[in-house]
file start.cif (mmCIF, C-alpha atoms and all ligand atoms)
data_data
loop_
_atom_site.label_atom_id
_atom_site.label_comp_id
_atom_site.auth_asym_id
_atom_site.auth_seq_id
_atom_site.Cartn_x
_atom_site.Cartn_y
_atom_site.Cartn_z
CA MET L 1 61.69 -3.11 115.76
CA GLY L 2 60.02 0.21 115.07
CA ASN L 3 59.04 1.13 111.56
CA ILE L 4 61.22 -0.58 108.98
CA ILE L 5 60.27 -0.88 105.31
CA THR L 6 61.36 -4.11 103.63
CA ASN L 7 59.96 -3.59 100.13
CA ILE L 8 59.86 -0.43 98.02
CA GLU L 9 56.28 -1.23 97.08
CA GLN L 10 55.27 -0.23 100.60
CA LEU L 11 56.35 3.32 99.66
CA VAL L 12 53.97 3.75 96.72
CA GLY L 13 51.27 6.37 97.26
CA ARG L 14 50.31 8.47 100.29
CA THR L 15 52.13 11.37 98.68
CA PRO L 16 51.77 14.82 100.25
CA LEU L 17 49.32 17.46 99.14
CA PHE L 18 51.24 20.73 99.31
CA GLU L 19 49.86 24.29 99.35
CA PHE L 20 52.13 26.78 97.57
CA GLU L 21 51.60 29.44 100.23
CA ASN L 22 54.67 31.53 99.50
CA TYR L 23 53.83 31.72 95.80
CA GLU L 24 50.20 32.53 96.66
CA LYS L 25 51.29 35.41 98.91
CA LYS L 26 53.82 36.75 96.43
CA HIS L 27 51.27 36.88 93.60
CA ASP L 28 48.21 37.61 95.74
CA VAL L 29 46.54 34.43 94.50
CA LYS L 30 42.95 34.36 95.69
CA ALA L 31 42.43 30.59 95.32
CA LYS L 32 44.25 27.74 97.09
CA LEU L 33 46.97 26.24 94.89
CA LEU L 34 47.45 22.64 96.00
CA GLY L 35 49.96 20.28 94.41
CA LYS L 36 49.99 16.50 94.78
CA LEU L 37 53.73 15.85 95.07
CA GLU L 38 54.00 12.59 93.18
CA TYR L 39 57.79 12.60 93.20
CA PHE L 40 57.53 11.21 96.74
CA ASN L 41 56.77 7.82 95.16
CA PRO L 42 59.74 5.42 95.45
CA SER L 43 61.02 5.63 91.87
CA GLY L 44 60.16 9.31 91.74
CA SER L 45 56.95 9.74 89.78
CA VAL L 46 53.19 9.34 89.58
CA LYS L 47 53.73 6.36 87.28
CA ASP L 48 54.77 4.12 90.17
CA ARG L 49 51.10 3.74 91.00
CA ALA L 50 50.11 2.48 87.56
CA ALA L 51 53.27 0.37 87.14
CA LEU L 52 52.74 -1.51 90.39
CA ASN L 53 49.00 -1.91 89.86
CA MET L 54 49.48 -3.28 86.33
CA ILE L 55 52.06 -5.85 87.51
CA LYS L 56 49.85 -6.97 90.40
CA ALA L 57 46.77 -7.22 88.14
CA ALA L 58 48.68 -9.30 85.56
CA GLU L 59 49.92 -11.66 88.28
CA ARG L 60 46.38 -11.99 89.67
CA ASP L 61 45.01 -12.68 86.17
CA GLY L 62 47.62 -15.39 85.62
CA ILE L 63 49.19 -13.70 82.56
CA LEU L 64 52.55 -12.81 84.15
CA HIS L 65 54.75 -15.54 85.57
CA PRO L 66 58.11 -15.77 87.35
CA GLY L 67 60.98 -15.44 84.87
CA ASP L 68 58.90 -13.52 82.28
CA THR L 69 60.06 -10.39 80.49
CA ILE L 70 57.75 -7.41 80.82
CA VAL L 71 57.67 -5.17 77.72
CA GLU L 72 56.38 -1.62 77.64
CA ASN L 73 56.27 1.43 75.45
CA THR L 74 56.93 4.43 77.66
CA SER L 75 58.01 8.02 77.80
CA GLY L 76 60.28 7.05 80.67
CA ASN L 77 58.53 7.27 84.00
CA THR L 78 56.35 4.19 83.55
CA GLY L 79 59.47 2.36 82.49
CA ILE L 80 61.30 3.52 85.60
CA GLY L 81 58.44 2.39 87.85
CA LEU L 82 58.22 -0.96 86.05
CA ALA L 83 62.00 -1.28 86.26
CA ALA L 84 61.99 -0.75 90.02
CA PHE L 85 59.20 -3.26 90.68
CA SER L 86 60.55 -5.73 88.09
CA ALA L 87 63.83 -5.61 90.01
CA SER L 88 62.14 -6.17 93.34
CA ARG L 89 59.90 -8.97 91.96
CA GLY L 90 62.49 -10.68 89.75
CA TYR L 91 61.19 -9.91 86.24
CA LYS L 92 63.20 -8.80 83.22
CA LEU L 93 62.09 -5.60 81.49
CA THR L 94 62.41 -4.26 77.94
CA VAL L 95 61.26 -0.71 77.26
CA PHE L 96 60.62 1.00 73.96
CA LEU L 97 61.22 4.72 74.45
CA GLU L 98 59.54 7.48 72.53
CA PRO L 99 61.93 10.00 70.96
CA GLY L 100 63.23 12.95 72.95
CA GLN L 101 63.54 11.34 76.37
CA SER L 102 66.06 12.98 78.67
CA GLU L 103 69.42 11.33 79.23
CA GLU L 104 68.74 10.93 82.94
CA ARG L 105 65.67 8.79 82.33
CA GLN L 106 67.68 6.47 80.14
CA LYS L 107 70.51 6.21 82.68
CA ILE L 108 68.06 5.47 85.50
CA LEU L 109 66.36 2.73 83.48
CA ARG L 110 69.73 1.16 82.75
CA ALA L 111 70.70 1.36 86.42
CA TYR L 112 67.64 -0.69 87.39
CA GLY L 113 68.67 -3.30 84.80
CA ALA L 114 66.13 -2.58 82.06
CA GLU L 115 66.90 -3.21 78.40
CA LEU L 116 66.41 0.02 76.43
CA LYS L 117 65.18 0.23 72.87
CA SER L 118 63.88 3.02 70.69
CA MET L 119 60.34 2.89 69.33
CA LEU L 120 62.09 2.86 65.97
CA ASP L 121 63.46 -0.60 66.89
CA VAL L 122 59.95 -2.07 66.78
CA PRO L 123 59.69 -3.89 63.43
CA GLY L 124 57.50 -1.95 61.01
CA VAL L 125 57.45 1.35 62.96
CA PRO L 126 60.01 3.33 60.91
CA GLU L 127 58.20 2.39 57.70
CA ALA L 128 54.79 3.30 59.14
CA LEU L 129 56.11 6.65 60.32
CA ALA L 130 57.66 7.31 56.92
CA ASN L 131 54.57 6.46 54.90
CA GLY L 132 52.03 8.09 57.22
CA THR L 133 50.26 4.88 58.35
CA PHE L 134 51.47 5.06 61.95
CA THR L 135 48.66 5.05 64.52
CA THR L 136 48.57 4.28 68.22
CA GLN L 137 46.82 1.01 67.38
CA PHE L 138 49.48 0.13 64.81
CA TYR L 139 52.21 0.71 67.40
CA GLN L 140 50.52 -1.49 69.99
CA ASP L 141 50.03 -4.29 67.43
CA ALA L 142 53.66 -4.01 66.34
CA ILE L 143 54.93 -4.35 69.94
CA GLN L 144 52.63 -7.32 70.51
CA ALA L 145 54.01 -8.96 67.35
CA TYR L 146 57.56 -8.31 68.63
CA CYS L 147 56.64 -10.03 71.94
CA ASP L 148 55.03 -12.99 70.16
CA ALA L 149 58.18 -13.48 68.08
CA GLN L 150 60.48 -13.86 71.13
CA PRO L 151 61.59 -17.34 72.18
CA THR L 152 60.68 -16.76 75.86
CA HIS L 153 57.43 -15.34 77.28
CA HIS L 154 57.39 -11.57 76.74
CA PHE L 155 54.39 -9.86 78.32
CA PHE L 156 53.34 -6.53 76.78
CA ILE L 157 51.88 -4.72 79.79
CA ASN L 158 50.52 -1.87 77.60
CA GLN L 159 49.69 1.09 79.82
CA LEU L 160 47.74 2.65 76.93
CA ILE L 161 44.84 0.22 77.27
CA ASN L 162 45.54 -1.48 80.60
CA GLU L 163 42.57 -0.71 82.88
CA ALA L 164 44.81 -1.19 85.93
CA ASN L 165 46.50 2.10 84.93
CA PRO L 166 43.54 4.50 85.49
CA ARG L 167 42.24 2.22 88.24
CA ALA L 168 45.40 2.91 90.26
CA HIS L 169 44.33 6.56 90.44
CA TYR L 170 40.68 5.76 91.04
CA GLU L 171 41.65 3.53 93.96
CA THR L 172 44.58 5.45 95.49
CA THR L 173 45.36 8.97 94.21
CA GLY L 174 41.71 10.08 94.26
CA PRO L 175 40.91 8.80 97.77
CA GLU L 176 44.13 10.34 99.14
CA ILE L 177 43.23 13.78 97.75
CA TRP L 178 39.67 13.39 98.99
CA GLU L 179 40.86 12.56 102.48
CA ASP L 180 43.47 15.34 102.61
CA THR L 181 40.94 18.00 101.53
CA ASP L 182 37.88 16.59 103.34
CA GLY L 183 36.34 16.20 99.90
CA LYS L 184 36.65 19.92 99.13
CA VAL L 185 38.16 19.94 95.64
CA ASP L 186 36.66 22.40 93.17
CA ILE L 187 39.06 22.05 90.24
CA LEU L 188 41.44 19.26 89.28
CA VAL L 189 44.32 20.02 86.91
CA ALA L 190 46.50 17.36 85.28
CA THR L 191 48.69 16.73 82.28
CA SER L 192 48.27 13.55 80.32
CA GLY L 193 50.51 10.98 78.73
CA THR L 194 48.38 7.85 78.63
CA ALA L 195 45.58 9.80 80.40
CA GLY L 196 45.52 7.12 83.08
CA THR L 197 45.93 9.71 85.83
CA ILE L 198 43.33 12.18 84.63
CA THR L 199 40.66 9.65 83.59
CA GLY L 200 41.00 7.64 86.82
CA LEU L 201 40.77 10.81 88.91
CA ALA L 202 37.92 12.29 86.88
CA LYS L 203 35.86 9.14 87.44
CA PHE L 204 36.60 9.19 91.18
CA PHE L 205 35.74 12.88 91.66
CA ARG L 206 32.73 13.04 89.32
CA GLU L 207 31.12 10.16 91.25
CA ARG L 208 31.35 12.28 94.40
CA ASN L 209 31.00 15.85 93.18
CA LYS L 210 29.04 16.60 90.02
CA ASP L 211 30.28 20.20 90.02
CA ILE L 212 34.00 19.40 89.91
CA LYS L 213 35.89 20.94 86.99
CA ILE L 214 38.42 18.73 85.24
CA VAL L 215 41.15 20.72 83.50
CA ALA L 216 43.48 18.86 81.15
CA VAL L 217 46.85 20.34 80.27
CA GLN L 218 48.76 19.71 77.09
CA ALA L 219 51.98 21.11 75.68
CA ASP L 220 51.39 23.89 73.21
CA VAL L 221 51.98 22.68 69.65
CA THR L 222 55.42 24.32 69.61
CA SER L 223 56.49 22.59 72.86
CA ARG L 224 55.67 18.96 72.15
CA PRO L 225 58.35 16.34 72.65
CA GLY L 226 59.43 14.46 69.55
CA GLY L 227 57.90 16.58 66.83
CA SER L 228 59.32 19.96 67.90
CA GLU L 229 62.62 21.77 67.43
CA ASN L 230 61.86 23.91 70.47
CA PRO L 231 64.55 23.35 73.14
CA GLN L 232 61.84 23.94 75.78
CA THR L 233 59.54 20.97 75.32
CA ILE L 234 57.32 19.42 77.98
CA ASP L 235 58.36 15.79 78.48
CA GLY L 236 55.84 13.15 79.48
CA THR L 237 52.80 14.79 77.90
CA ALA L 238 50.77 13.85 74.85
CA PRO L 239 48.35 15.99 72.83
CA PHE L 240 44.97 15.96 74.47
CA GLY L 241 42.23 18.07 73.11
CA ASP L 242 43.19 19.45 69.72
CA PRO L 243 40.08 19.73 67.63
CA GLY L 244 40.71 17.74 64.49
CA PHE L 245 43.54 15.72 66.04
CA PRO L 246 42.79 12.22 64.75
CA ASP L 247 41.49 9.73 67.34
CA GLY L 248 43.91 7.16 65.93
CA LEU L 249 46.85 9.16 67.27
CA LYS L 250 45.36 9.83 70.71
CA ALA L 251 45.90 7.78 73.84
CA PRO L 252 42.87 5.44 73.87
CA PHE L 253 41.74 6.56 77.35
CA ILE L 254 41.30 10.09 76.00
CA VAL L 255 38.92 9.18 73.20
CA GLY L 256 35.45 10.04 74.43
CA PHE L 257 36.77 11.32 77.77
CA ASP L 258 34.69 14.07 79.28
CA TYR L 259 36.81 17.01 80.47
CA ASP L 260 35.72 20.59 81.07
CA GLU L 261 38.66 22.46 79.60
CA CYS L 262 42.02 21.86 77.96
CA ILE L 263 44.78 24.42 78.48
CA ASP L 264 47.78 24.64 76.14
CA VAL L 265 51.01 25.50 77.96
CA LYS L 266 54.19 26.70 76.32
CA GLY L 267 57.44 25.11 77.45
CA GLU L 268 58.96 28.48 78.29
CA ASP L 269 56.06 29.36 80.64
CA ALA L 270 56.27 25.98 82.38
CA TYR L 271 60.04 26.27 82.79
CA ALA L 272 59.79 29.82 84.14
CA LEU L 273 57.22 28.76 86.73
CA GLY L 274 59.35 25.73 87.66
CA ARG L 275 62.33 28.01 88.25
CA GLU L 276 60.26 30.45 90.28
CA ILE L 277 58.52 27.87 92.48
CA THR L 278 61.86 26.27 93.38
CA LYS L 279 62.81 29.61 94.88
CA THR L 280 59.51 30.69 96.43
CA ASP L 281 58.48 27.38 98.00
CA GLY L 282 61.52 25.12 97.70
CA VAL L 283 59.70 22.62 95.49
CA PHE L 284 61.74 21.38 92.53
CA LEU L 285 59.37 20.35 89.74
CA GLY L 286 59.74 18.41 86.51
CA GLN L 287 58.50 19.72 83.18
CA SER L 288 54.96 18.36 83.12
CA ALA L 289 54.52 19.17 86.82
CA ALA L 290 55.52 22.77 86.18
CA ALA L 291 53.12 22.87 83.20
CA ALA L 292 50.26 21.58 85.36
CA LEU L 293 50.99 24.10 88.10
CA TYR L 294 51.30 26.91 85.56
CA ALA L 295 47.85 26.01 84.19
CA ALA L 296 46.55 25.95 87.77
CA THR L 297 47.84 29.52 88.30
CA LEU L 298 45.93 30.65 85.18
CA VAL L 299 42.75 29.04 86.49
CA ALA L 300 43.35 30.50 89.97
CA ALA L 301 43.59 34.03 88.53
CA ARG L 302 40.01 33.98 87.24
CA PRO L 303 37.69 36.06 89.45
CA GLU L 304 35.05 33.29 89.53
CA ASN L 305 37.59 30.96 91.16
CA GLU L 306 38.31 33.14 94.19
CA GLY L 307 38.39 31.00 97.35
CA LYS L 308 38.34 27.70 95.42
CA ASN L 309 40.55 24.69 96.03
CA ILE L 310 42.56 23.84 92.94
CA VAL L 311 44.51 20.57 92.97
CA ALA L 312 47.26 20.05 90.40
CA ILE L 313 48.85 16.65 89.90
CA LEU L 314 52.63 17.15 89.89
CA ALA L 315 54.02 14.07 88.17
CA ASP L 316 57.70 14.22 89.04
CA ASN L 317 60.54 16.48 90.15
CA GLY L 318 63.36 18.28 88.36
CA MET L 319 66.06 15.67 88.83
CA LYS L 320 65.35 13.90 85.55
CA TYR L 321 65.56 17.13 83.57
CA LEU L 322 69.00 18.34 84.56
CA SER L 323 70.39 17.63 81.08
CA THR L 324 67.66 19.82 79.56
CA ASN L 325 67.71 23.60 79.72
CA MET L 326 64.89 23.85 82.26
CA TYR L 327 67.29 24.54 85.14
CA PRO L 328 70.38 26.02 83.48
CA LEU L 329 73.72 26.63 85.12
CA ASP L 330 74.82 30.11 84.10
CA LYS L 331 78.37 29.61 85.34
CA LYS L 332 80.04 26.39 86.40
CA VAL L 333 82.18 26.70 89.53
CA GLN L 334 85.52 24.93 89.02
C1 LIG L 401 56.48 13.40 83.50
C2 LIG L 401 55.10 12.86 83.25
N1 LIG L 401 54.06 13.67 83.44
C3 LIG L 401 52.80 13.25 83.21
C4 LIG L 401 52.53 11.98 82.76
C5 LIG L 401 51.10 11.61 82.48
O1 LIG L 401 50.61 10.50 83.18
P1 LIG L 401 49.49 9.59 82.54
O2 LIG L 401 50.17 8.57 81.69
O3 LIG L 401 48.80 8.95 83.71
O4 LIG L 401 48.58 10.44 81.73
C6 LIG L 401 53.59 11.12 82.53
C7 LIG L 401 53.34 9.78 82.00
O5 LIG L 401 54.09 9.12 81.38
C8 LIG L 401 54.92 11.55 82.79
O6 LIG L 401 55.98 10.76 82.58
#

call {"tool": "encode", "arguments": {"input": "start.cif", "output": "structure tokens", "more": "lines below"}}
Ligand SMILES: Cc1ncc(COP(=O)(O)O)c(C=O)c1O
result
Amino acid sequence: MGNIITNIEQLVGRTPLFEFENYEKKHDVKAKLLGKLEYFNPSGSVKDRAALNMIKAAERDGILHPGDTIVENTSGNTGIGLAAFSASRGYKLTVFLEPGQSEERQKILRAYGAELKSMLDVPGVPEALANGTFTTQFYQDAIQAYCDAQPTHHFFINQLINEANPRAHYETTGPEIWEDTDGKVDILVATSGTAGTITGLAKFFRERNKDIKIVAVQADVTSRPGGSENPQTIDGTAPFGDPGFPDGLKAPFIVGFDYDECIDVKGEDAYALGREITKTDGVFLGQSAAAALYAATLVAARPENEGKNIVAILADNGMKYLSTNMYPLDKKVQ
């Protein structure tokens, strides 16, 4: 029979590269604004690539076995990807969520059968946060200790240091973009959570084009999830390039990572672009995707970038942000 998919894993990757032509015309953009639409992945985000690759690598390395529980700390999308592939491969999954995750993400994780916990449920974390000794390393050690204390085998998959995370982008996302542009990418723009996406892509592109510009995007200090009262935060992103930001609080892949520029984006600017692009081009973006595309528009507006190909990685779509005020409903029809 024709073309029938029997496993959601067959749907990971090969996402479209989309040119925002209507937006370009409206604003007389002189560069090409290209977005890698990662919400076409089967559980709806870029993190499907890393989730699947990490599970496969752990199976290959003999450290994940049938009946095991996978454990992860996640801002949501990695958990959702792991939940989908754990379901299809028969694993149990426990996720520790960072604060401020949207309600939809939590409901989706539950629907796939994952067990949800707060990072504050990890023994020792509330105390470390209260007394200022919390570091990324501390958090990873605390989750590992939690896993070791369980009566059955709990495997901490740890996207923060798992090399299969950036490798997923080196081996799939990068080659797809290369193929779709015939290798003609001048500037790559991406947000970062674990930095798996941006470090894997930077390695791929720098090996092929020494002139490529790698632009990292982070939420402006007022728009960061967790530590901000701002109702317009940018979910799924972590601080990237703040001078003086201690290495101990950064995602390990970022430390020592060579990027050309880091752009701070305010939540309100990302949301406004998300709302506009839905109307100009019919593409419904999530918060970090809108932030990445907003940064790409800033880069595109520079005279030196006229005629260049700018690729922004658009991590997910707007569906998981409907409980936030990114896409408000001014009047509910009864
Ligand atoms: C919405 C969203 N955008 C961007 C990212 C960043 O991806 P990475 O972890 O590869 O840096 C994530 C990761 O969790 C995410 O959930």

call {"tool": "closest_residue", "arguments": {"input": "start.cif", "among": "L:Gln232, L:Thr173, L:Thr324, L:Ser118", "to": "Ile143 in chain L", "atoms": "all atoms listed in the file"}}
result
L:Ser118

call {"tool": "residues_around", "arguments": {"input": "start.cif", "residues": "Asn41 in chain L", "least_positions_apart": "3", "cutoff": "8 Å", "atoms": "only C-alpha atoms", "output": "short mmCIF file (atom, residue, chain, number, x, y, z; two decimals) with C-alpha atoms, in the frame of the given file"}}
result
data_model
loop_
_atom_site.label_atom_id
_atom_site.label_comp_id
_atom_site.auth_asym_id
_atom_site.auth_seq_id
_atom_site.Cartn_x
_atom_site.Cartn_y
_atom_site.Cartn_z
CA LEU L 11 56.35 3.32 99.66
CA VAL L 12 53.97 3.75 96.72
CA GLY L 13 51.27 6.37 97.26
CA THR L 15 52.13 11.37 98.68
CA GLU L 38 54.00 12.59 93.18
CA GLY L 44 60.16 9.31 91.74
CA SER L 45 56.95 9.74 89.78
CA VAL L 46 53.19 9.34 89.58
CA ASP L 48 54.77 4.12 90.17
#

call {"tool": "closest_residue", "arguments": {"input": "start.cif", "among": "L:Asp68, L:Asp121, L:Glu19, L:Asp235", "to": "ligand LIG 401 (chain L)", "atoms": "only C-alpha atoms and all ligand atoms"}}
result
L:Asp235

call {"tool": "atom_distance", "arguments": {"input": "start.cif", "atom1": "CA of Gly248 in chain L", "atom2": "CA of Leu109 in chain L"}}
result
28.8 Å

call {"tool": "closest_residue", "arguments": {"input": "start.cif", "among": "L:Arg224, L:Arg89, L:Arg302, L:Lys331", "to": "Glu268 in chain L", "atoms": "all atoms listed in the file"}}
result
L:Arg224

call {"tool": "closest_atom_pairs", "arguments": {"input": "start.cif", "of": "chain L", "to": "ligand LIG 401 (chain L)", "cutoff": "8 Å", "atoms": "only C-alpha atoms and all ligand atoms", "output": "CSV"}}
result
residue,atom,partner,partner_atom,distance
L:Ser45,CA,L:LIG401,C1,7.3
L:Val46,CA,L:LIG401,O1,7.0
L:Lys47,CA,L:LIG401,C7,6.3
L:Ala50,CA,L:LIG401,O3,7.6
L:Thr74,CA,L:LIG401,O5,6.6
L:Ser75,CA,L:LIG401,O5,5.4
L:Gly76,CA,L:LIG401,O6,6.0
L:Asn77,CA,L:LIG401,O6,4.5
L:Thr78,CA,L:LIG401,O5,5.8
L:Gln159,CA,L:LIG401,O2,7.7
L:Leu160,CA,L:LIG401,O2,8.0
L:Asn165,CA,L:LIG401,O3,7.3
L:Pro166,CA,L:LIG401,O3,7.1
L:Ala190,CA,L:LIG401,C3,7.8
L:Thr191,CA,L:LIG401,C3,5.5
L:Ser192,CA,L:LIG401,O4,3.4
L:Gly193,CA,L:LIG401,O4,3.6
L:Thr194,CA,L:LIG401,O2,3.6
L:Ala195,CA,L:LIG401,O4,3.3
L:Gly196,CA,L:LIG401,O3,3.8
L:Thr197,CA,L:LIG401,O3,3.6
L:Ile198,CA,L:LIG401,O4,6.2
L:Asp235,CA,L:LIG401,C1,5.9
L:Gly236,CA,L:LIG401,C8,3.8
L:Thr237,CA,L:LIG401,C3,5.5
L:Ala238,CA,L:LIG401,C5,8.0
L:Gly286,CA,L:LIG401,C1,6.7
L:Gln287,CA,L:LIG401,C1,6.6
L:Ser288,CA,L:LIG401,N1,4.8
L:Ala289,CA,L:LIG401,N1,6.5
L:Leu314,CA,L:LIG401,N1,7.5
L:Ala315,CA,L:LIG401,N1,4.7
L:Asp316,CA,L:LIG401,C1,5.7

call {"tool": "atom_distance", "arguments": {"input": "start.cif", "atom1": "CA of Ala114 in chain L", "atom2": "CA of Gly79 in chain L"}}
result
8.3 Å

call {"tool": "closest_residue", "arguments": {"input": "start.cif", "among": "L:Phe18, L:Phe134, L:Phe155, L:Tyr112", "to": "Glu72 in chain L", "atoms": "only C-alpha atoms"}}
result
L:Phe155

call {"tool": "closest_residue", "arguments": {"input": "start.cif", "among": "L:Phe96, L:Phe156, L:Phe40, L:Phe205", "to": "Leu17 in chain L", "atoms": "all atoms listed in the file"}}
result
L:Phe40

call {"tool": "build_atoms", "arguments": {"input": "start.cif", "residues": "range 152-178 of chain L", "atoms": "N, CA and C atoms", "output": "short mmCIF file (atom, residue, chain, number, x, y, z; two decimals), in the coordinates of the input"}}
result
data_model
loop_
_atom_site.label_atom_id
_atom_site.label_comp_id
_atom_site.auth_asym_id
_atom_site.auth_seq_id
_atom_site.Cartn_x
_atom_site.Cartn_y
_atom_site.Cartn_z
N THR L 152 61.20 -16.59 74.49
CA THR L 152 60.68 -16.76 75.86
C THR L 152 59.44 -15.89 76.03
N HIS L 153 58.69 -16.09 77.14
CA HIS L 153 57.43 -15.34 77.28
C HIS L 153 57.71 -13.86 77.56
N HIS L 154 57.28 -13.02 76.61
CA HIS L 154 57.39 -11.57 76.74
C HIS L 154 55.97 -11.03 76.90
N PHE L 155 55.73 -10.34 78.02
CA PHE L 155 54.39 -9.86 78.32
C PHE L 155 54.31 -8.35 78.08
N PHE L 156 53.53 -7.95 77.09
CA PHE L 156 53.34 -6.53 76.78
C PHE L 156 52.30 -5.98 77.76
N ILE L 157 52.77 -5.15 78.69
CA ILE L 157 51.88 -4.72 79.79
C ILE L 157 50.94 -3.60 79.35
N ASN L 158 51.34 -2.83 78.34
CA ASN L 158 50.52 -1.87 77.60
C ASN L 158 49.67 -0.90 78.44
N GLN L 159 50.36 0.07 79.01
CA GLN L 159 49.69 1.09 79.82
C GLN L 159 48.62 1.86 79.05
N LEU L 160 48.70 1.86 77.71
CA LEU L 160 47.74 2.65 76.93
C LEU L 160 46.32 2.10 77.03
N ILE L 161 46.20 0.79 77.19
CA ILE L 161 44.84 0.22 77.27
C ILE L 161 44.62 -0.59 78.54
N ASN L 162 45.64 -0.64 79.40
CA ASN L 162 45.54 -1.48 80.60
C ASN L 162 44.67 -0.77 81.65
N GLU L 163 43.53 -1.35 81.96
CA GLU L 163 42.57 -0.71 82.88
C GLU L 163 43.15 -0.54 84.29
N ALA L 164 44.18 -1.33 84.60
CA ALA L 164 44.81 -1.19 85.93
C ALA L 164 45.57 0.12 86.05
N ASN L 165 45.82 0.80 84.91
CA ASN L 165 46.50 2.10 84.93
C ASN L 165 45.56 3.19 85.50
N PRO L 166 44.43 3.51 84.85
CA PRO L 166 43.54 4.50 85.49
C PRO L 166 43.00 4.03 86.84
N ARG L 167 42.81 2.71 86.97
CA ARG L 167 42.24 2.22 88.24
C ARG L 167 43.15 2.52 89.43
N ALA L 168 44.46 2.58 89.18
CA ALA L 168 45.40 2.91 90.26
C ALA L 168 45.04 4.28 90.85
N HIS L 169 44.64 5.20 89.98
CA HIS L 169 44.33 6.56 90.44
C HIS L 169 42.93 6.64 91.04
N TYR L 170 42.03 5.85 90.49
CA TYR L 170 40.68 5.76 91.04
C TYR L 170 40.74 5.20 92.46
N GLU L 171 41.62 4.23 92.66
CA GLU L 171 41.65 3.53 93.96
C GLU L 171 42.61 4.16 94.97
N THR L 172 43.61 4.92 94.51
CA THR L 172 44.58 5.45 95.49
C THR L 172 44.72 6.98 95.42
N THR L 173 45.10 7.52 94.28
CA THR L 173 45.36 8.97 94.21
C THR L 173 44.11 9.77 94.57
N GLY L 174 42.97 9.38 93.99
CA GLY L 174 41.71 10.08 94.26
C GLY L 174 41.35 10.05 95.74
N PRO L 175 41.26 8.84 96.34
CA PRO L 175 40.91 8.80 97.77
C PRO L 175 41.88 9.57 98.66
N GLU L 176 43.17 9.58 98.31
CA GLU L 176 44.13 10.34 99.14
C GLU L 176 43.82 11.83 99.09
N ILE L 177 43.53 12.34 97.88
CA ILE L 177 43.23 13.78 97.75
C ILE L 177 41.93 14.09 98.48
N TRP L 178 40.98 13.20 98.34
CA TRP L 178 39.67 13.39 98.99
C TRP L 178 39.86 13.50 100.50
#
